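Scroll down for the structure; my scribbles are underneath it.
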Amino acid sequence: MDTGAKLTLLALVAGGFLMFSNKTARLADQPRGIRNHNPGNIRHGDNWQGMADNQRDPSFITFIQPEYGIRAMARILKSYKRRGVDTVAEIIATWAPPIENDTHAYINHVAHKLNVHPDTPIEQGRYPELIAAIIHHENGVQPYSYSVISAGVAMA
């Protein structure tokens with residue numbers, strides 16, 4: 001590994017940069033959910049912990065760091081679980097209703113990422129994996145390390 005790669009890897013682990021195709025990328029060039037530190041693309045409506053003072057996006061919340069966006073995702077998933085919404089198909093149909101999404105494709109993508117059938121209940125211990133799959137589908141990329149996702153889930 002060359003010195004530049006080591007520095008990039010260290011920056012990624014520290015959470016300072018996002019990495020795509022072995023290069024660090026500017027936040028401004030990233031998908032909306034990544035730019036907003038809201039990788040689940042949660043819409044305005046609730047007053048979430050960690051919301052940025054400046055809500056520059058008219059549709060989606062901007063968080064101060066990705067862990068807070070991931071925390072919000074985990075809290076939403078926990079609220080679904082309390083209502084009995086716990087399979088991949090039920091979770092994604094609730095998260096991304098067909099009125100504005102190709103929900104069937106979304107369900108299949110997430111189930112494939114988790115290597116489960118869409119009707120498989122997902123336990124809370126698998127939320128980091130589930131959240132990573134949702135992030136990937138919502139943004140076309142999943143740039144966060146396991147430690148960033150786990151930190152957000154632990155904050156929930």
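Naming works like this for the structure tokens: A, B, ... for the chains as they're shown, residue 1 at the start of each chain, ligands 1 onward in shown order.
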In region 4-129 of chain A, DSSP strand (DSSP E) residues written as a list in words: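 Those residues are Leu18, Met19, Phe20, Lys23, Thr24 and Ala25 of chain A.
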Top pick for closest residue to Arg126 (chain A), considering A:Arg26, A:Arg43, A:Lys78, A:Arg35 and counting only C-alpha atoms: A:Lys78
Leaving out Val85 (chain A) and any residue of its chain fewer than 6 positions from it, which residues lie within 9 Å of it when counting only C-alpha atoms, given as a compact mmCIF listing (two decimals) with N, CA, C and O atoms, in the first residue's frame?
```txt
# COMPACT_ATOMS: atom_id res chain seq x y z
N LEU A 77 -36.54 2.36 12.33
CA LEU A 77 -36.65 0.91 12.25
C LEU A 77 -37.17 0.31 13.56
O LEU A 77 -37.98 -0.61 13.55
N SER A 79 -39.14 1.81 15.66
CA SER A 79 -40.58 2.13 15.75
C SER A 79 -41.39 1.18 14.85
O SER A 79 -42.49 0.78 15.22
N ILE A 91 -40.70 -3.64 5.94
CA ILE A 91 -39.87 -2.48 6.28
C ILE A 91 -39.72 -1.57 5.08
O ILE A 91 -39.96 -0.36 5.17
N THR A 94 -42.84 0.23 3.88
CA THR A 94 -43.18 1.35 4.76
C THR A 94 -42.19 2.49 4.56
O THR A 94 -42.58 3.65 4.49
N PRO A 121 -38.06 -11.98 8.77
CA PRO A 121 -37.97 -10.94 9.80
C PRO A 121 -36.50 -10.59 10.08
O PRO A 121 -35.63 -11.47 10.09
```
All residues 12 Å or closer to Trp95 (chain A), only C-alpha atoms, same chain fewer than 2 positions away omitted, as a VMD selection string: chain A and resid 40 to 43 73 to 74 76 to 77 79 to 80 85 to 93 97 to 103 106 to 107 110 131 134 to 135 137 to 138
Top pick for closest residue to Ile61 (chain A), considering A:Ala154, A:Ile34, A:Ile122, A:Ala133 and counting only C-alpha atoms: A:Ile34
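Shortest atom-to-atom contact with Val148 (chain A) among A:Gly50, A:Gly45, A:Pro118, A:Pro66: A:Pro66, counting only C-alpha atoms.
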Backbone-only DSSP, alpha helix (DSSP H) members of chain A, as a ChimeraX atom specification: /A:3-13,32-35,66-82,88-95,103-114,127-139,146-155
Nearest-residue call for Gln124 (chain A), choices A:Thr62, A:Gln30, A:Gln49, A:Ser150, using only C-alpha atoms: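 With only C-alpha atoms as the atom set, the closest residue is A:Ser150.
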Residue contacts of Pro128 (chain A) (8 Å, only C-alpha atoms) excluding same-chain residues fewer than 6 positions away, as a list in words: Tyr146, Ile149, Ser150 and Val153 of chain A
Atom pair CA of Gly33 (chain A) / CA of His136 (chain A): separation (Å):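 Computing the Euclidean distance for CA of Gly33 (chain A) and CA of His136 (chain A) yields 10.4 Å.
Minimum atom-to-atom distance to Ala151 (chain A), evaluated using only C-alpha atoms, belongs to A:Tyr68 out of A:Arg82, A:Tyr68, A:Pro58, A:Asn115.
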